[in-house]
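*Asks:* File upload.cif follows (mmCIF, C-alpha atoms and all ligand atoms):
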data_target
loop_
_atom_site.group_PDB
_atom_site.id
_atom_site.type_symbol
_atom_site.label_atom_id
_atom_site.label_comp_id
_atom_site.auth_asym_id
_atom_site.auth_seq_id
_atom_site.Cartn_x
_atom_site.Cartn_y
_atom_site.Cartn_z
ATOM 1 C CA ASP A 69 0.000 0.000 0.000
ATOM 2 C CA TRP A 70 1.408 3.442 -0.925
ATOM 3 C CA ARG A 71 0.525 4.685 2.531
ATOM 4 C CA MET A 72 3.084 2.383 4.080
ATOM 5 C CA ALA A 73 6.182 2.063 1.948
ATOM 6 C CA GLY A 74 8.860 4.173 0.327
ATOM 7 C CA HIS A 75 7.543 7.693 0.786
ATOM 8 C CA ARG A 76 8.248 10.310 3.357
ATOM 9 C CA GLY A 77 5.630 11.512 5.794
ATOM 10 C CA ALA A 78 4.341 15.084 5.889
ATOM 11 C CA LEU A 79 5.200 17.723 8.474
ATOM 12 C CA ILE A 80 1.942 19.283 9.612
ATOM 13 C CA VAL A 81 1.897 22.098 12.166
ATOM 14 C CA LEU A 82 -1.063 23.429 14.115
ATOM 15 C CA GLU A 83 -0.786 27.024 15.306
ATOM 16 C CA GLY A 84 -3.089 29.527 16.946
ATOM 17 C CA ALA A 85 -3.617 31.509 20.121
ATOM 18 C CA ASP A 86 -4.117 29.769 23.458
ATOM 19 C CA ARG A 87 -7.536 28.050 23.751
ATOM 20 C CA ALA A 88 -8.009 27.747 19.984
ATOM 21 C CA GLY A 89 -8.207 23.950 20.383
ATOM 22 C CA LYS A 90 -4.827 22.948 18.955
ATOM 23 C CA SER A 91 -4.052 20.101 21.337
ATOM 24 C CA THR A 92 -7.483 18.487 21.008
ATOM 25 C CA GLN A 93 -7.399 18.791 17.234
ATOM 26 C CA ALA A 94 -3.837 17.478 17.008
ATOM 27 C CA ARG A 95 -4.826 14.373 18.969
ATOM 28 C CA ARG A 96 -7.933 13.796 16.874
ATOM 29 C CA LEU A 97 -6.026 14.272 13.627
ATOM 30 C CA VAL A 98 -3.399 11.667 14.521
ATOM 31 C CA GLU A 99 -6.168 9.239 15.461
ATOM 32 C CA ALA A 100 -8.122 9.863 12.237
ATOM 33 C CA LEU A 101 -5.044 9.532 10.015
ATOM 34 C CA ARG A 102 -4.147 6.245 11.677
ATOM 35 C CA ASN A 103 -7.677 4.973 11.121
ATOM 36 C CA GLN A 104 -7.226 5.775 7.429
ATOM 37 C CA GLY A 105 -4.088 3.622 7.346
ATOM 38 C CA TYR A 106 -1.476 6.368 7.463
ATOM 39 C CA GLN A 107 1.463 6.251 9.848
ATOM 40 C CA ALA A 108 1.078 9.340 12.008
ATOM 41 C CA GLU A 109 2.438 10.601 15.302
ATOM 42 C CA GLY A 110 1.950 13.674 17.431
ATOM 43 C CA MET A 111 4.641 16.012 18.708
ATOM 44 C CA ARG A 112 4.395 19.276 20.623
ATOM 45 C CA PHE A 113 6.475 22.322 21.412
ATOM 46 C CA PRO A 114 7.561 23.224 23.942
ATOM 47 C CA GLU A 115 8.452 19.580 24.610
ATOM 48 C CA ARG A 116 8.887 19.957 28.354
ATOM 49 C CA THR A 117 10.492 16.591 29.116
ATOM 50 C CA THR A 118 14.070 17.325 27.965
ATOM 51 C CA GLU A 119 16.583 19.315 30.032
ATOM 52 C CA ILE A 120 15.984 22.415 27.925
ATOM 53 C CA GLY A 121 12.252 21.711 28.021
ATOM 54 C CA ARG A 122 12.298 21.640 31.815
ATOM 55 C CA LEU A 123 13.905 25.099 31.893
ATOM 56 C CA VAL A 124 11.216 26.415 29.551
ATOM 57 C CA GLY A 125 8.459 24.687 31.519
ATOM 58 C CA SER A 126 9.558 26.166 34.813
ATOM 59 C CA TYR A 127 9.730 29.606 33.154
ATOM 60 C CA LEU A 128 6.169 29.240 31.817
ATOM 61 C CA GLU A 129 4.928 28.127 35.227
ATOM 62 C CA LYS A 130 6.576 31.244 36.704
ATOM 63 C CA LYS A 131 8.815 29.108 38.892
ATOM 64 C CA SER A 132 11.833 30.811 37.379
ATOM 65 C CA ASN A 133 12.697 34.004 35.556
ATOM 66 C CA ILE A 134 14.775 33.887 32.408
ATOM 67 C CA GLU A 135 15.881 36.949 30.456
ATOM 68 C CA ASP A 136 13.637 37.495 27.377
ATOM 69 C CA HIS A 137 16.213 36.902 24.618
ATOM 70 C CA THR A 138 17.588 33.897 26.454
ATOM 71 C CA VAL A 139 14.252 32.140 26.832
ATOM 72 C CA HIS A 140 13.473 32.800 23.157
ATOM 73 C CA LEU A 141 16.672 30.943 22.261
ATOM 74 C CA LEU A 142 15.793 28.106 24.635
ATOM 75 C CA PHE A 143 12.384 27.633 22.949
ATOM 76 C CA SER A 144 14.229 27.448 19.632
ATOM 77 C CA ALA A 145 16.884 25.077 21.019
ATOM 78 C CA ASN A 146 14.052 22.849 22.210
ATOM 79 C CA ARG A 147 12.951 22.519 18.566
ATOM 80 C CA TRP A 148 16.493 22.021 17.232
ATOM 81 C CA GLU A 149 17.202 19.220 19.694
ATOM 82 C CA HIS A 150 14.269 17.332 18.114
ATOM 83 C CA VAL A 151 15.348 17.863 14.482
ATOM 84 C CA PRO A 152 17.212 14.540 14.132
ATOM 85 C CA LEU A 153 14.108 12.733 15.391
ATOM 86 C CA ILE A 154 11.784 14.751 13.134
ATOM 87 C CA LYS A 155 13.911 13.973 10.063
ATOM 88 C CA GLU A 156 14.136 10.297 10.924
ATOM 89 C CA LYS A 157 10.362 9.957 11.407
ATOM 90 C CA LEU A 158 9.505 11.804 8.190
ATOM 91 C CA LYS A 159 12.014 9.723 6.250
ATOM 92 C CA SER A 160 10.523 6.503 7.561
ATOM 93 C CA GLY A 161 7.104 7.558 6.256
ATOM 94 C CA ILE A 162 5.576 8.869 9.453
ATOM 95 C CA THR A 163 3.451 11.994 9.171
ATOM 96 C CA LEU A 164 4.079 14.311 12.127
ATOM 97 C CA VAL A 165 1.311 16.435 13.574
ATOM 98 C CA VAL A 166 3.033 19.155 15.566
ATOM 99 C CA ASP A 167 1.234 21.240 18.185
ATOM 100 C CA ARG A 168 3.056 24.641 17.905
ATOM 101 C CA TYR A 169 6.362 25.303 16.167
ATOM 102 C CA ALA A 170 8.602 28.254 15.321
ATOM 103 C CA PHE A 171 5.563 30.455 14.603
ATOM 104 C CA SER A 172 4.577 30.343 18.274
ATOM 105 C CA GLY A 173 8.137 31.250 19.128
ATOM 106 C CA VAL A 174 8.028 34.368 16.960
ATOM 107 C CA ALA A 175 4.435 35.384 17.769
ATOM 108 C CA PHE A 176 4.911 35.188 21.532
ATOM 109 C CA THR A 177 8.360 36.751 21.898
ATOM 110 C CA SER A 178 7.609 39.578 19.467
ATOM 111 C CA SER A 179 4.532 40.433 21.554
ATOM 112 C CA LYS A 180 6.704 41.228 24.558
ATOM 113 C CA GLU A 181 7.608 44.739 25.542
ATOM 114 C CA VAL A 182 11.307 45.001 26.191
ATOM 115 C CA LYS A 183 11.872 46.161 29.720
ATOM 116 C CA GLY A 184 14.241 49.023 30.285
ATOM 117 C CA HIS A 185 14.933 52.410 28.795
ATOM 118 C CA LEU A 186 17.439 53.963 26.491
ATOM 119 C CA SER A 187 18.827 57.472 26.924
ATOM 120 C CA VAL A 188 19.006 59.398 23.664
ATOM 121 C CA ARG A 189 20.606 62.799 23.156
ATOM 122 C CA CYS A 190 18.155 65.524 22.120
ATOM 123 C CA ARG A 191 18.908 68.053 19.369
ATOM 124 C CA HIS A 192 19.125 70.947 21.772
ATOM 125 C CA GLY A 193 21.279 69.152 24.298
ATOM 126 C CA GLY A 194 20.257 67.064 27.254
ATOM 127 C CA PHE A 195 18.942 63.514 27.226
ATOM 128 C CA LYS A 196 15.536 61.959 26.783
ATOM 129 C CA GLU A 197 14.442 58.544 28.073
ATOM 130 C CA THR A 198 12.829 56.355 25.435
ATOM 131 C CA GLU A 199 11.465 52.794 25.513
ATOM 132 C CA LEU A 200 13.635 50.159 23.939
ATOM 133 C CA PRO A 201 12.024 48.808 20.776
ATOM 134 C CA ASN A 202 10.066 45.543 20.823
ATOM 135 C CA PHE A 203 11.544 42.355 19.457
ATOM 136 C CA SER A 204 11.298 42.521 15.674
ATOM 137 C CA LEU A 205 9.841 39.625 13.691
ATOM 138 C CA HIS A 206 13.161 39.504 11.876
ATOM 139 C CA TRP A 207 15.186 39.013 15.060
ATOM 140 C CA CYS A 208 12.728 36.449 16.417
ATOM 141 C CA LYS A 209 12.844 34.302 13.275
ATOM 142 C CA GLN A 210 16.625 33.952 13.028
ATOM 143 C CA PRO A 211 17.262 31.104 15.511
ATOM 144 C CA ASP A 212 14.675 28.928 13.726
ATOM 145 C CA VAL A 213 15.955 29.573 10.183
ATOM 146 C CA GLY A 214 16.700 26.198 8.596
ATOM 147 C CA LEU A 215 14.422 24.026 10.714
ATOM 148 C CA PRO A 216 12.486 21.393 8.731
ATOM 149 C CA LYS A 217 9.850 23.391 6.854
ATOM 150 C CA PRO A 218 6.255 22.380 7.502
ATOM 151 C CA ASP A 219 4.389 21.139 4.433
ATOM 152 C CA LEU A 220 1.240 22.628 5.932
ATOM 153 C CA VAL A 221 0.617 25.134 8.721
ATOM 154 C CA VAL A 222 -2.976 25.129 9.915
ATOM 155 C CA PHE A 223 -3.910 28.305 11.747
ATOM 156 C CA LEU A 224 -6.825 27.756 14.117
ATOM 157 C CA ASN A 225 -8.417 31.155 14.029
ATOM 158 C CA ILE A 226 -10.376 32.326 17.025
ATOM 159 C CA THR A 227 -11.131 35.842 18.245
ATOM 160 C CA PRO A 228 -9.925 36.710 21.756
ATOM 161 C CA GLU A 229 -13.628 37.160 22.684
ATOM 162 C CA GLU A 230 -14.535 33.673 21.472
ATOM 163 C CA ALA A 231 -11.491 32.198 23.221
ATOM 164 C CA SER A 232 -12.424 33.775 26.545
ATOM 165 C CA LYS A 233 -15.893 32.163 26.315
ATOM 166 C CA ARG A 234 -14.135 28.802 26.534
ATOM 167 C CA GLY A 235 -13.373 29.492 30.173
ATOM 168 C CA ASP A 236 -10.555 31.286 31.890
ATOM 169 C CA TYR A 237 -7.056 31.276 30.551
ATOM 170 C CA GLY A 238 -4.682 29.301 32.718
ATOM 171 C CA THR A 239 -2.203 30.791 35.126
ATOM 172 C CA GLU A 240 0.929 30.386 33.011
ATOM 173 C CA ARG A 241 2.921 33.245 31.592
ATOM 174 C CA TYR A 242 1.311 34.946 28.526
ATOM 175 C CA GLU A 243 -2.163 33.699 29.476
ATOM 176 C CA THR A 244 -3.920 37.087 29.571
ATOM 177 C CA SER A 245 -6.324 38.452 26.984
ATOM 178 C CA ASP A 246 -4.239 41.593 26.368
ATOM 179 C CA PHE A 247 -1.191 39.541 25.528
ATOM 180 C CA GLN A 248 -3.194 37.114 23.381
ATOM 181 C CA LYS A 249 -4.517 40.017 21.284
ATOM 182 C CA LYS A 250 -0.954 41.037 20.466
ATOM 183 C CA VAL A 251 -0.085 37.433 19.654
ATOM 184 C CA GLN A 252 -2.977 37.286 17.139
ATOM 185 C CA LYS A 253 -1.584 40.350 15.339
ATOM 186 C CA ARG A 254 1.861 38.806 15.119
ATOM 187 C CA TYR A 255 0.435 35.602 13.671
ATOM 188 C CA ALA A 256 -1.382 37.712 11.045
ATOM 189 C CA GLU A 257 1.954 39.250 10.030
ATOM 190 C CA LEU A 258 3.576 35.810 9.827
ATOM 191 C CA MET A 259 0.741 34.573 7.610
ATOM 192 C CA ASP A 260 1.612 37.220 4.987
ATOM 193 C CA ASP A 261 4.594 35.011 4.127
ATOM 194 C CA LYS A 262 3.462 33.230 0.962
ATOM 195 C CA SER A 263 6.487 30.907 0.909
ATOM 196 C CA LEU A 264 4.665 28.879 3.549
ATOM 197 C CA ASN A 265 1.527 26.829 3.058
ATOM 198 C CA TRP A 266 -0.737 28.544 5.613
ATOM 199 C CA LYS A 267 -4.361 27.436 5.820
ATOM 200 C CA VAL A 268 -6.738 29.274 8.103
ATOM 201 C CA VAL A 269 -9.479 27.221 9.727
ATOM 202 C CA ASP A 270 -12.301 28.898 11.649
ATOM 203 C CA ALA A 271 -11.850 27.470 15.127
ATOM 204 C CA ALA A 272 -15.183 28.832 16.344
ATOM 205 C CA GLN A 273 -16.972 26.066 14.406
ATOM 206 C CA SER A 274 -17.978 22.831 16.133
ATOM 207 C CA MET A 275 -15.119 20.547 17.137
ATOM 208 C CA GLU A 276 -16.316 18.087 14.476
ATOM 209 C CA ASP A 277 -16.309 20.656 11.655
ATOM 210 C CA VAL A 278 -12.871 21.914 12.625
ATOM 211 C CA HIS A 279 -11.615 18.320 12.671
ATOM 212 C CA ASN A 280 -13.045 17.515 9.247
ATOM 213 C CA ALA A 281 -11.512 20.647 7.727
ATOM 214 C CA ILE A 282 -8.064 19.859 9.131
ATOM 215 C CA LYS A 283 -8.283 16.205 8.117
ATOM 216 C CA GLN A 284 -9.111 17.090 4.524
ATOM 217 C CA LEU A 285 -6.211 19.550 4.278
ATOM 218 C CA SER A 286 -3.870 17.006 5.843
ATOM 219 C CA GLU A 287 -4.745 14.100 3.555
ATOM 220 C CA ALA A 288 -4.206 16.309 0.517
ATOM 221 C CA ILE A 289 -0.791 17.458 1.729
ATOM 222 C CA ILE A 290 0.364 13.928 2.621
ATOM 223 C CA THR A 291 -0.243 12.932 -1.004
ATOM 224 C CA GLU A 292 1.507 16.036 -2.315
ATOM 225 C CA ALA A 293 4.520 16.007 0.017
ATOM 226 C CA ARG A 294 5.475 12.366 -0.363
ATOM 227 C CA HIS A 295 7.537 12.943 -3.541
ATOM 228 C CA GLN A 296 9.127 16.216 -2.422
ATOM 229 C CA PRO A 297 12.204 16.749 -0.251
ATOM 230 C CA VAL A 298 11.679 18.352 3.156
ATOM 231 C CA GLY A 299 12.329 22.097 2.830
ATOM 232 C CA LYS A 300 14.143 24.527 5.123
ATOM 233 C CA LEU A 301 12.140 27.061 7.088
ATOM 234 C CA TRP A 302 12.739 30.779 6.315
ATOM 235 C CA ALA A 303 15.958 29.918 4.442
HETATM 236 N N1 LIG B 1 5.468 29.415 23.486
HETATM 237 C C1 LIG B 1 5.512 28.258 22.790
HETATM 238 C C2 LIG B 1 6.463 30.387 23.310
HETATM 239 O O1 LIG B 1 6.431 31.435 23.932
HETATM 240 N N2 LIG B 1 7.480 30.136 22.420
HETATM 241 C C3 LIG B 1 7.559 28.980 21.706
HETATM 242 O O2 LIG B 1 8.495 28.795 20.916
HETATM 243 C C4 LIG B 1 6.523 27.985 21.897
HETATM 244 C C5 LIG B 1 6.576 26.710 21.152
HETATM 245 O O3 LIG B 1 4.477 28.562 25.392
HETATM 246 N N3 LIG B 1 1.484 30.084 25.792
HETATM 247 C C6 LIG B 1 4.424 29.626 24.484
HETATM 248 C C7 LIG B 1 3.029 29.612 23.961
HETATM 249 C C8 LIG B 1 2.206 29.034 25.089
HETATM 250 C C9 LIG B 1 3.209 28.383 26.012
HETATM 251 O O4 LIG B 1 2.431 26.244 25.225
HETATM 252 C C10 LIG B 1 2.969 26.914 26.298
HETATM 253 P P1 LIG B 1 1.396 25.026 25.470
HETATM 254 O O5 LIG B 1 0.949 24.650 24.073
HETATM 255 O O6 LIG B 1 0.286 25.581 26.321
HETATM 256 O O7 LIG B 1 2.180 23.947 26.159
HETATM 257 MG MG MG B 2 -1.159 26.289 27.334
#
Would you mind writing the file out in structure tokens?

*Replies:*
Amino acid sequence: DWRMAGHRGALIVLEGADRAGKSTQARRLVEALRNQGYQAEGMRFPERTTEIGRLVGSYLEKKSNIEDHTVHLLFSANRWEHVPLIKEKLKSGITLVVDRYAFSGVAFTSSKEVKGHLSVRCRHGGFKETELPNFSLHWCKQPDVGLPKPDLVVFLNITPEEASKRGDYGTERYETSDFQKKVQKRYAELMDDKSLNWKVVDAAQSMEDVHNAIKQLSEAIITEARHQPVGKLWA
């Protein structure tokens, strides 16, 4: 059967703000693909079980503080440490369904305000205090340049209002509606990049409808990707 032998699996990423339903949909997609006879496995980032992942996990749980640039690089390192495994799985024909990837890394870090001030000299002498600029998308993308490129990035689109109806955000870092609104804007900027295969799915639909939409997109991309080499992200 072509589903089993000789072809690489597809790299499918689910992205979206917190509470969009990514984890549930990722689980259901893996299950549905397996029922159709595909080899499929789930993966998620951050993957909190490695040494780097534990640092990131404790930061998210507010049990530790890590400087903003540093933690951005740790999130990226957590992806890079899984690249050999990702490549091996894809090569052996396994389709990977990944819950968050580099796009979360960029969207979340670039939504942060940099703490601290910069003194700049005014034209007529003296100094003025100004805020340091935010993290640019460009800076945030660099550590992830060259990662395996997803064949498909599904964006689960939900308004912050709709997301807040699904119950309270958790108590981890970034889980406030103000921050999530900024994150949505950053994702929108990332989706302007036409070198990636972004597909937006309305996550306010029923869980079943969302699932069917993602499954259809995924089956199509598995067929398309199996004869193509894995690309490099943002390279
Ligand atoms: N997050 C996730 C980042 O800030 N950078 C990253 O690179 C990744 C992958 O971690 N609020 C943030 C987004 C989430 C948080 O994710 C934990 P999850 O899916 O709740 O475990
Ligand atoms: Mg979460």

*Asks:* Using only C-alpha atoms and all ligand atoms, determine which residues fall within 10 Å of ligand LIG 1 (chain B), then list them as a tab-separated table (two decimals) with C-alpha atoms, in the frame of the given file.

*Replies:*
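The new file part_24.tsv reads:
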chain	number	residue	atom	x	y	z
A	83	GLU	CA	-0.79	27.02	15.31
A	84	GLY	CA	-3.09	29.53	16.95
A	85	ALA	CA	-3.62	31.51	20.12
A	86	ASP	CA	-4.12	29.77	23.46
A	87	ARG	CA	-7.54	28.05	23.75
A	89	GLY	CA	-8.21	23.95	20.38
A	90	LYS	CA	-4.83	22.95	18.95
A	91	SER	CA	-4.05	20.10	21.34
A	112	ARG	CA	4.39	19.28	20.62
A	113	PHE	CA	6.48	22.32	21.41
A	114	PRO	CA	7.56	23.22	23.94
A	115	GLU	CA	8.45	19.58	24.61
A	116	ARG	CA	8.89	19.96	28.35
A	124	VAL	CA	11.22	26.42	29.55
A	125	GLY	CA	8.46	24.69	31.52
A	127	TYR	CA	9.73	29.61	33.15
A	128	LEU	CA	6.17	29.24	31.82
A	129	GLU	CA	4.93	28.13	35.23
A	139	VAL	CA	14.25	32.14	26.83
A	140	HIS	CA	13.47	32.80	23.16
A	141	LEU	CA	16.67	30.94	22.26
A	142	LEU	CA	15.79	28.11	24.64
A	143	PHE	CA	12.38	27.63	22.95
A	144	SER	CA	14.23	27.45	19.63
A	145	ALA	CA	16.88	25.08	21.02
A	146	ASN	CA	14.05	22.85	22.21
A	147	ARG	CA	12.95	22.52	18.57
A	167	ASP	CA	1.23	21.24	18.18
A	168	ARG	CA	3.06	24.64	17.90
A	169	TYR	CA	6.36	25.30	16.17
A	170	ALA	CA	8.60	28.25	15.32
A	171	PHE	CA	5.56	30.46	14.60
A	172	SER	CA	4.58	30.34	18.27
A	173	GLY	CA	8.14	31.25	19.13
A	174	VAL	CA	8.03	34.37	16.96
A	175	ALA	CA	4.43	35.38	17.77
A	176	PHE	CA	4.91	35.19	21.53
A	177	THR	CA	8.36	36.75	21.90
A	178	SER	CA	7.61	39.58	19.47
A	179	SER	CA	4.53	40.43	21.55
A	180	LYS	CA	6.70	41.23	24.56
A	208	CYS	CA	12.73	36.45	16.42
A	212	ASP	CA	14.68	28.93	13.73
A	237	TYR	CA	-7.06	31.28	30.55
A	238	GLY	CA	-4.68	29.30	32.72
A	240	GLU	CA	0.93	30.39	33.01
A	241	ARG	CA	2.92	33.24	31.59
A	242	TYR	CA	1.31	34.95	28.53
A	243	GLU	CA	-2.16	33.70	29.48
A	244	THR	CA	-3.92	37.09	29.57
A	247	PHE	CA	-1.19	39.54	25.53
A	248	GLN	CA	-3.19	37.11	23.38
A	251	VAL	CA	-0.08	37.43	19.65

*Asks:* Set the distance at 9 Å and use only C-alpha atoms: which residues neighbour A:Thr163 once local chain neighbours fewer than 6 positions away are removed? I'd like the list as number ranges by chain.

*Replies:* A: 76-80, 98, 101, 106-110, 157, 290

*Asks:* For a quick check of understanding, using all atoms listed in the file, which of A:Lys217, A:Gln93, A:Glu135, A:Thr239 has the smallest distance to ligand MG 2 (chain B)?

*Replies:*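 Closest to ligand MG 2 (chain B) of all the choices is A:Thr239.
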
*Asks:* Compare A:Lys131, A:Glu119, A:Asp236, A:Val213 by their minimum atom-to-atom distance to ligand MG 2 (chain B), counting all atoms listed in the file, and give me the closest one.

*Replies:*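 Looking only at the distances to ligand MG 2 (chain B), the closest residue turns out to be A:Asp236.
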
*Asks:* Distance atom CA of A:Leu224-atom CA of A:His137, one decimal place?

*Replies:*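 Separating atom CA of A:Leu224 from atom CA of A:His137 is a distance of 26.9 Å.
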